[in-house]
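Novice: One file is attached below, protein-v2.tsv, containing TSV, C-alpha atoms and all ligand atoms.
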chain	number	residue	atom	x	y	z
A	16	MET	CA	63.06	120.71	7.33
A	17	ASN	CA	61.12	119.97	10.53
A	18	ILE	CA	61.62	116.41	11.69
A	19	ILE	CA	60.49	114.13	14.51
A	20	LEU	CA	62.42	110.98	15.40
A	21	LEU	CA	60.17	108.34	16.90
A	22	GLY	CA	61.00	104.94	18.36
A	23	ARG	CA	61.73	103.00	21.53
A	24	PRO	CA	64.37	104.33	23.91
A	25	GLY	CA	67.70	103.00	22.70
A	26	ALA	CA	66.58	102.64	19.08
A	27	GLY	CA	69.44	104.90	17.96
A	28	LYS	CA	67.55	108.20	17.66
A	29	GLY	CA	70.13	110.23	19.59
A	30	THR	CA	73.05	109.02	17.46
A	31	GLN	CA	71.28	109.63	14.17
A	32	CYS	CA	69.88	112.93	15.36
A	33	LYS	CA	73.41	114.31	15.70
A	34	ALA	CA	74.27	113.16	12.16
A	35	ILE	CA	71.13	114.75	10.69
A	36	ALA	CA	71.73	117.99	12.58
A	37	GLU	CA	75.28	118.23	11.21
A	38	ARG	CA	74.37	117.41	7.64
A	39	TYR	CA	71.43	119.78	7.29
A	40	HIS	CA	72.62	122.48	9.71
A	41	ILE	CA	69.51	122.36	11.82
A	42	PRO	CA	69.42	122.10	15.62
A	43	GLN	CA	68.76	118.90	17.54
A	44	ILE	CA	66.10	119.26	20.23
A	45	SER	CA	66.52	116.33	22.57
A	46	THR	CA	64.21	116.71	25.56
A	47	GLY	CA	66.07	113.93	27.42
A	48	ASP	CA	69.40	115.81	27.04
A	49	ILE	CA	67.84	119.10	28.11
A	50	LEU	CA	66.26	117.45	31.16
A	51	ARG	CA	69.52	115.68	32.10
A	52	ALA	CA	71.40	119.00	31.89
A	53	SER	CA	68.78	120.56	34.20
A	54	VAL	CA	69.22	117.68	36.66
A	55	ARG	CA	73.02	118.18	36.60
A	56	GLU	CA	72.64	121.91	37.16
A	57	LYS	CA	70.05	121.32	39.90
A	58	THR	CA	67.63	123.86	38.42
A	59	TYR	CA	63.97	123.97	39.51
A	60	LEU	CA	63.05	121.96	36.42
A	61	GLY	CA	65.83	119.44	37.07
A	62	LEU	CA	64.81	118.89	40.68
A	63	LYS	CA	61.21	118.29	39.63
A	64	ALA	CA	62.11	116.05	36.68
A	65	GLN	CA	64.67	113.79	38.33
A	66	GLU	CA	62.30	111.57	40.32
A	67	TYR	CA	60.33	110.73	37.17
A	68	MET	CA	63.44	110.15	35.06
A	69	ASP	CA	65.10	107.83	37.57
A	70	LYS	CA	61.99	105.63	37.56
A	71	GLY	CA	61.74	105.62	33.77
A	72	ALA	CA	58.44	107.51	33.89
A	73	LEU	CA	57.50	110.47	31.71
A	74	VAL	CA	58.13	113.92	33.13
A	75	PRO	CA	54.79	115.83	33.36
A	76	ASP	CA	53.73	117.45	30.10
A	77	GLU	CA	53.58	121.00	31.46
A	78	LEU	CA	57.31	120.93	32.30
A	79	VAL	CA	58.40	119.41	28.99
A	80	VAL	CA	56.14	121.50	26.79
A	81	GLU	CA	57.47	124.71	28.28
A	82	ILE	CA	61.06	123.76	27.44
A	83	VAL	CA	60.09	122.84	23.90
A	84	VAL	CA	58.09	125.99	23.15
A	85	GLU	CA	60.92	128.15	24.49
A	86	ARG	CA	63.44	126.25	22.37
A	87	LEU	CA	61.37	126.50	19.18
A	88	ASN	CA	61.28	130.28	19.51
A	89	LYS	CA	65.08	130.56	19.32
A	90	ALA	CA	66.51	131.97	16.10
A	91	ASP	CA	68.42	128.81	15.14
A	92	CYS	CA	65.11	126.93	14.61
A	93	ARG	CA	64.19	129.27	11.75
A	94	ASN	CA	65.26	126.86	9.02
A	95	GLY	CA	64.22	123.67	10.73
A	96	PHE	CA	64.78	121.41	13.74
A	97	ILE	CA	64.85	117.76	14.73
A	98	PHE	CA	63.06	116.41	17.76
A	99	ASP	CA	64.55	113.44	19.54
A	100	GLY	CA	62.36	112.13	22.37
A	101	PHE	CA	59.50	114.57	21.77
A	102	PRO	CA	56.55	114.26	21.47
A	103	ARG	CA	56.23	111.30	23.83
A	104	ASN	CA	52.43	111.10	24.04
A	105	MET	CA	49.33	112.30	22.21
A	106	GLY	CA	48.91	115.36	24.46
A	107	GLN	CA	52.43	116.59	23.64
A	108	ALA	CA	51.82	115.94	19.94
A	109	GLU	CA	48.68	118.08	20.04
A	110	VAL	CA	50.44	120.96	21.78
A	111	LEU	CA	53.28	120.74	19.29
A	112	HIS	CA	50.90	120.81	16.35
A	113	LYS	CA	49.09	123.90	17.73
A	114	THR	CA	52.34	125.70	18.56
A	115	LEU	CA	53.76	125.09	15.10
A	116	LYS	CA	50.52	126.21	13.46
A	117	LYS	CA	50.70	129.51	15.34
A	118	MET	CA	54.27	129.94	14.07
A	119	GLY	CA	53.23	129.13	10.50
A	120	LYS	CA	55.21	125.89	10.54
A	121	LYS	CA	54.51	122.18	10.26
A	122	ILE	CA	56.23	118.81	10.63
A	123	ASP	CA	57.66	117.52	7.34
A	124	HIS	CA	58.89	114.06	8.33
A	125	VAL	CA	58.43	111.57	11.14
A	126	LEU	CA	61.12	108.91	11.04
A	127	TYR	CA	60.18	105.81	13.02
A	128	PHE	CA	63.15	103.68	14.13
A	129	ASP	CA	62.01	100.09	14.24
A	130	VAL	CA	63.95	98.00	16.81
A	131	GLU	CA	62.52	95.06	18.81
A	132	PRO	CA	62.42	95.24	22.65
A	133	LYS	CA	64.87	92.32	23.07
A	134	GLU	CA	67.54	94.18	21.12
A	135	ILE	CA	66.76	97.37	23.06
A	136	VAL	CA	67.52	95.70	26.41
A	137	LYS	CA	70.89	94.50	25.05
A	138	ARG	CA	71.74	97.93	23.75
A	139	LEU	CA	70.67	100.03	26.72
A	140	SER	CA	72.10	97.84	29.46
A	141	GLY	CA	75.55	98.08	27.82
A	142	ARG	CA	75.34	101.76	26.99
A	143	ARG	CA	77.80	104.15	28.58
A	144	VAL	CA	77.67	107.92	28.24
A	145	CYS	CA	80.32	110.61	28.56
A	146	ARG	CA	79.61	112.85	31.53
A	147	LYS	CA	81.20	115.81	29.78
A	148	CYS	CA	80.12	115.76	26.12
A	149	GLY	CA	77.28	113.20	26.06
A	150	GLU	CA	78.93	110.92	23.46
A	151	THR	CA	77.60	107.36	23.76
A	152	TYR	CA	79.48	104.04	23.75
A	153	HIS	CA	78.60	100.39	24.26
A	154	ILE	CA	80.59	97.94	26.37
A	155	ILE	CA	80.57	95.36	23.53
A	156	TYR	CA	79.50	96.97	20.24
A	157	ASN	CA	81.18	100.36	20.44
A	158	MET	CA	83.97	100.34	23.00
A	159	PRO	CA	86.07	103.42	23.71
A	160	THR	CA	89.82	103.04	23.12
A	161	ASN	CA	90.47	103.31	26.87
A	162	ILE	CA	87.93	101.73	29.19
A	163	GLY	CA	85.78	104.30	30.96
A	164	ILE	CA	87.19	107.28	29.06
A	165	CYS	CA	85.60	109.22	26.20
A	166	ASP	CA	87.57	109.12	22.91
A	167	LYS	CA	86.30	112.55	21.94
A	168	CYS	CA	86.93	114.68	25.02
A	169	GLY	CA	88.60	112.49	27.68
A	170	GLY	CA	85.56	112.76	29.99
A	171	ASP	CA	84.45	109.94	32.33
A	172	LEU	CA	81.96	107.39	31.01
A	173	TYR	CA	79.05	106.38	33.21
A	174	GLN	CA	75.88	104.29	33.09
A	175	ARG	CA	72.70	106.36	33.14
A	176	GLU	CA	70.55	105.52	36.16
A	177	ASP	CA	67.65	104.76	33.81
A	178	ASP	CA	69.79	102.38	31.69
A	179	LYS	CA	69.84	99.82	34.54
A	180	GLU	CA	67.89	96.72	33.60
A	181	GLU	CA	64.85	97.16	35.91
A	182	THR	CA	64.31	100.71	34.66
A	183	ILE	CA	64.70	99.73	30.99
A	184	VAL	CA	61.68	97.44	31.32
A	185	ALA	CA	59.65	100.28	32.87
A	186	ARG	CA	60.71	102.65	30.06
A	187	LEU	CA	59.66	100.12	27.42
A	188	ASP	CA	56.25	99.75	29.08
A	189	VAL	CA	55.82	103.51	29.17
A	190	TYR	CA	56.77	103.64	25.50
A	191	GLU	CA	54.15	101.03	24.52
A	192	GLU	CA	51.42	102.72	26.49
A	193	TYR	CA	51.99	106.41	25.72
A	194	THR	CA	54.38	106.83	22.78
A	195	ALA	CA	53.60	103.94	20.42
A	196	PRO	CA	50.11	105.35	19.55
A	197	LEU	CA	51.93	108.22	17.82
A	198	ILE	CA	53.09	105.79	15.13
A	199	ASP	CA	49.56	105.29	13.81
A	200	CYS	CA	48.74	108.92	14.34
A	201	TYR	CA	51.58	110.11	12.08
A	202	ARG	CA	51.03	107.27	9.65
A	203	GLY	CA	47.45	108.52	9.29
A	204	LYS	CA	48.76	112.00	8.46
A	205	GLY	CA	51.01	110.50	5.75
A	206	LEU	CA	54.20	111.69	7.50
A	207	LEU	CA	55.65	108.43	8.81
A	208	ARG	CA	58.68	106.71	7.26
A	209	THR	CA	59.95	103.53	8.87
A	210	ILE	CA	63.69	103.04	9.30
A	211	ASN	CA	65.08	99.61	10.05
A	212	GLY	CA	67.04	100.51	13.19
A	213	VAL	CA	68.91	97.18	13.40
A	214	GLY	CA	72.37	97.21	11.83
A	215	GLY	CA	75.44	99.41	11.87
A	216	VAL	CA	75.23	103.15	12.49
A	217	ASP	CA	76.20	103.85	8.87
A	218	GLN	CA	73.59	101.48	7.45
A	219	VAL	CA	70.87	103.21	9.45
A	220	LYS	CA	72.24	106.62	8.53
A	221	LYS	CA	72.09	105.76	4.82
A	222	GLN	CA	68.38	104.93	4.99
A	223	ILE	CA	67.68	108.28	6.64
A	224	MET	CA	69.83	110.36	4.31
A	225	ASP	CA	68.22	108.70	1.28
A	226	ILE	CA	64.84	109.95	2.47
A	227	LEU	CA	65.92	113.42	3.57
A	228	ASP	CA	68.30	114.12	0.67
A	229	LYS	CA	65.50	113.45	-1.78
A	230	ASP	CA	63.30	115.88	0.10
A	231	GLU	CA	65.99	118.57	0.18
A	232	ILE	CA	66.72	118.22	-3.52
A	233	GLY	CA	62.96	118.28	-4.15
A	234	SER	CA	62.53	121.49	-2.18
A	235	LYS	CA	65.48	123.14	-3.97
A	236	VAL	CA	64.05	122.22	-7.35
A	237	SER	CA	60.64	123.56	-6.43
A	238	THR	CA	61.91	126.94	-5.15
B	301	LIG	P1	65.56	109.95	26.72
B	301	LIG	O1	66.94	110.44	26.85
B	301	LIG	O2	64.83	110.53	25.53
B	301	LIG	O3	65.45	108.45	26.79
B	301	LIG	O4	64.76	110.53	27.98
B	301	LIG	C1	65.14	110.17	29.30
B	301	LIG	C2	64.01	110.45	30.25
B	301	LIG	O5	63.68	111.86	30.22
B	301	LIG	C3	62.70	109.77	29.93
B	301	LIG	O6	62.65	108.43	30.44
B	301	LIG	C4	61.69	110.68	30.63
B	301	LIG	O7	61.71	110.50	32.02
B	301	LIG	C5	62.29	112.06	30.35
B	301	LIG	N1	61.78	112.61	29.07
B	301	LIG	C6	62.48	112.88	27.95
B	301	LIG	N2	61.70	113.39	27.00
B	301	LIG	C7	60.46	113.48	27.53
B	301	LIG	C8	59.21	113.92	27.05
B	301	LIG	N3	59.06	114.39	25.81
B	301	LIG	N4	58.15	113.84	27.89
B	301	LIG	C9	58.26	113.38	29.15
B	301	LIG	N5	59.41	112.92	29.66
B	301	LIG	C10	60.52	112.98	28.87
Give the structure from this file in structure tokens form.

Specialist:
Amino acid sequence: MNIILLGRPGAGKGTQCKAIAERYHIPQISTGDILRASVREKTYLGLKAQEYMDKGALVPDELVVEIVVERLNKADCRNGFIFDGFPRNMGQAEVLHKTLKKMGKKIDHVLYFDVEPKEIVKRLSGRRVCRKCGETYHIIYNMPTNIGICDKCGGDLYQREDDKEETIVARLDVYEEYTAPLIDCYRGKGLLRTINGVGGVDQVKKQIMDILDKDEIGSKVST
């Protein structure tokens, strides 16, 4: 099962991506997480990427594509993968399509998380992330038991630089200009399924699992 999650930043892709990865035993490929780890580790890639990320701009394609191609070649992607935050523009989508074709693979589903910009600003400006394990919280909707501390691993919670209000607006603009055209592109290929991203985590999860479970049962029946 090869899946792309599409939608505005803060639409809930990261949260649902983890749930899908666990249920179907396929790896999550989140370019944002990979880039943030590189920034933390101060690698060459991280140093180059940081200035773009802090502004809410897209990191240049050549840097991102290289990470993705390398990741797709790892053994754990054999039975499928889920992209969260990739592709982010038409150029990346084309490279992905060509790379998969060479590997004899294709995308099976594109799940588009539909959430309005006003709701996104509310969500992202209150988001807090664990420095250690990456778990996400919200200062109103999903508070940790102890303020500033991760329930899962005890790590410190922080606000991502790009979750500050000025940068959120820039990220939404970038999304409309570069990423939103992918919606029509994948709709045209017959791959797009729209998920109503407003509501509780479990409600959103149910919509996704209903689509993917059907597909998995279908593929088991047909093999
Ligand atoms: P995210 O965690 O997906 O919101 O990504 C955070 C930031 O990482 C984005 O605002 C971009 O600066 C960068 N980024 C993540 N994925 C990509 C991508 N596919 N192409 C370019 N930049 C990306």

Novice: Under the rule that only C-alpha atoms and all ligand atoms are counted, which of A:Gly214, A:Gly22, A:Gly71, A:Pro159 is the nearest residue to ligand LIG 301 (chain B)?

Specialist: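 Among the listed residues, A:Gly71 lies closest to ligand LIG 301 (chain B).
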
Novice: Any idea what the distance is between CA of Met68 in chain A and CA of Asn161 in chain A?

Specialist: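 CA of Asn161 in chain A lies 29.1 Å from CA of Met68 in chain A.
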
Novice: What is the CA of Gln174 in chain A-CA of Arg143 in chain A distance in Å, reported with one decimal?

Specialist: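 These atoms are spaced 4.9 Å apart.
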
Novice: Using all atoms listed in the file, find each residue with an atom at most 7 Å away from ligand LIG 301 (chain B) and format the answer as a ChimeraX atom specification.

Specialist: /A:24,45-48,50,67-68,71-76,79,99-103,186

Novice: Determine the nearest neighbour of Val189 in chain A from the options A:Asn104, A:Gln222, A:Asn17, A:Asn94, counting only C-alpha atoms.

Specialist: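 Checking each candidate against Val189 in chain A, we get A:Asn104 as the closest.
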
Novice: For Asp199 in chain A, work out the shell of residues within 12 Å, counting all atoms listed in the file and skipping chain neighbours fewer than 4 positions away, then give it as an mmCIF file with C-alpha atoms, keeping the file's coordinate frame.

Specialist:
data_model
loop_
_atom_site.group_PDB
_atom_site.id
_atom_site.type_symbol
_atom_site.label_atom_id
_atom_site.label_comp_id
_atom_site.auth_asym_id
_atom_site.auth_seq_id
_atom_site.Cartn_x
_atom_site.Cartn_y
_atom_site.Cartn_z
ATOM 1 C CA LEU A 21 60.170 108.340 16.900
ATOM 2 C CA MET A 105 49.330 112.300 22.210
ATOM 3 C CA VAL A 125 58.430 111.570 11.140
ATOM 4 C CA TYR A 127 60.180 105.810 13.020
ATOM 5 C CA THR A 194 54.380 106.830 22.780
ATOM 6 C CA ALA A 195 53.600 103.940 20.420
ATOM 7 C CA GLY A 203 47.450 108.520 9.290
ATOM 8 C CA LYS A 204 48.760 112.000 8.460
ATOM 9 C CA GLY A 205 51.010 110.500 5.750
ATOM 10 C CA LEU A 206 54.200 111.690 7.500
ATOM 11 C CA LEU A 207 55.650 108.430 8.810
ATOM 12 C CA ARG A 208 58.680 106.710 7.260
ATOM 13 C CA THR A 209 59.950 103.530 8.870
#

Novice: List as a list in words the protein and nucleic acid residues near Ile41 in chain A, meaning an atom at most 6 Å away when only C-alpha atoms are counted, but skip any in the same chain fewer than 2 places from it.

Specialist: Ala36, Tyr39, Gly95 and Phe96 of chain A

Novice: Could you jot down the CA of Asp69 in chain A to CA of Val144 in chain A separation for me, Å, one decimal place?

Specialist: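 Between these atoms lies a distance of 15.7 Å.
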
Novice: With distances taken over only C-alpha atoms, which residue among A:Thr160, A:Gln43, A:Asn211, A:Gln65 lies nearest Asp129 in chain A?

Specialist: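 Smallest separation from Asp129 in chain A among the options: A:Asn211.
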
Novice: Find the residue from A:Ile35, A:Leu197, A:Ile135, A:Val213 that sits nearest to Gln107 in chain A; use only C-alpha atoms when measuring.

Specialist: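 Checking each of A:Ile35, A:Leu197, A:Ile135, A:Val213 against Gln107 in chain A, counting only C-alpha atoms, the winner is A:Leu197.
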
Novice: For Ile183 in chain A, which residue among A:Asp225, A:Glu150, A:Glu37, A:Glu134 is the nearest when counting all atoms listed in the file?

Specialist: A:Glu134

Novice: Taking all atoms listed in the file into account, name the residue in A:Leu126, A:Asp177, A:Met224, A:Lys133 that is nearest to Arg202 in chain A.

Specialist: A:Leu126

Novice: Do you know which residues are at most 12 Å from Gly119 in chain A counting only C-alpha atoms, after dropping those on the same chain fewer than 6 positions away, and could you put them as a list in words?

Specialist: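 What passes the distance filter is Arg93, His112 and Lys113 of chain A.
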
Novice: Name all residues at most 12 Å from Val216 in chain A (count all atoms listed in the file; drop same-chain ones fewer than 5 positions away) and give them as a PDB file with C-alpha atoms, keeping the file's coordinate frame.

Specialist:
ATOM      1  CA  ALA A  26      66.580 102.640  19.080  1.00  0.00           C
ATOM      2  CA  GLY A  27      69.440 104.900  17.960  1.00  0.00           C
ATOM      3  CA  LYS A  28      67.550 108.200  17.660  1.00  0.00           C
ATOM      4  CA  GLY A  29      70.130 110.230  19.590  1.00  0.00           C
ATOM      5  CA  THR A  30      73.050 109.020  17.460  1.00  0.00           C
ATOM      6  CA  GLN A  31      71.280 109.630  14.170  1.00  0.00           C
ATOM      7  CA  CYS A  32      69.880 112.930  15.360  1.00  0.00           C
ATOM      8  CA  LYS A  33      73.410 114.310  15.700  1.00  0.00           C
ATOM      9  CA  ALA A  34      74.270 113.160  12.160  1.00  0.00           C
ATOM     10  CA  TYR A 156      79.500  96.970  20.240  1.00  0.00           C
ATOM     11  CA  ASN A 157      81.180 100.360  20.440  1.00  0.00           C
ATOM     12  CA  ILE A 210      63.690 103.040   9.300  1.00  0.00           C
ATOM     13  CA  ASN A 211      65.080  99.610  10.050  1.00  0.00           C
ATOM     14  CA  LYS A 221      72.090 105.760   4.820  1.00  0.00           C
ATOM     15  CA  GLN A 222      68.380 104.930   4.990  1.00  0.00           C
ATOM     16  CA  ILE A 223      67.680 108.280   6.640  1.00  0.00           C
TER      17      ILE A 223
END

Novice: Show me, as a PyMOL selection string, the residues that have an atom within 10 Å of range 228-232 of chain A when counting all atoms listed in the file, minus same-chain residues fewer than 6 positions from it.

Specialist: chain A and resi 16+38-39+123-124
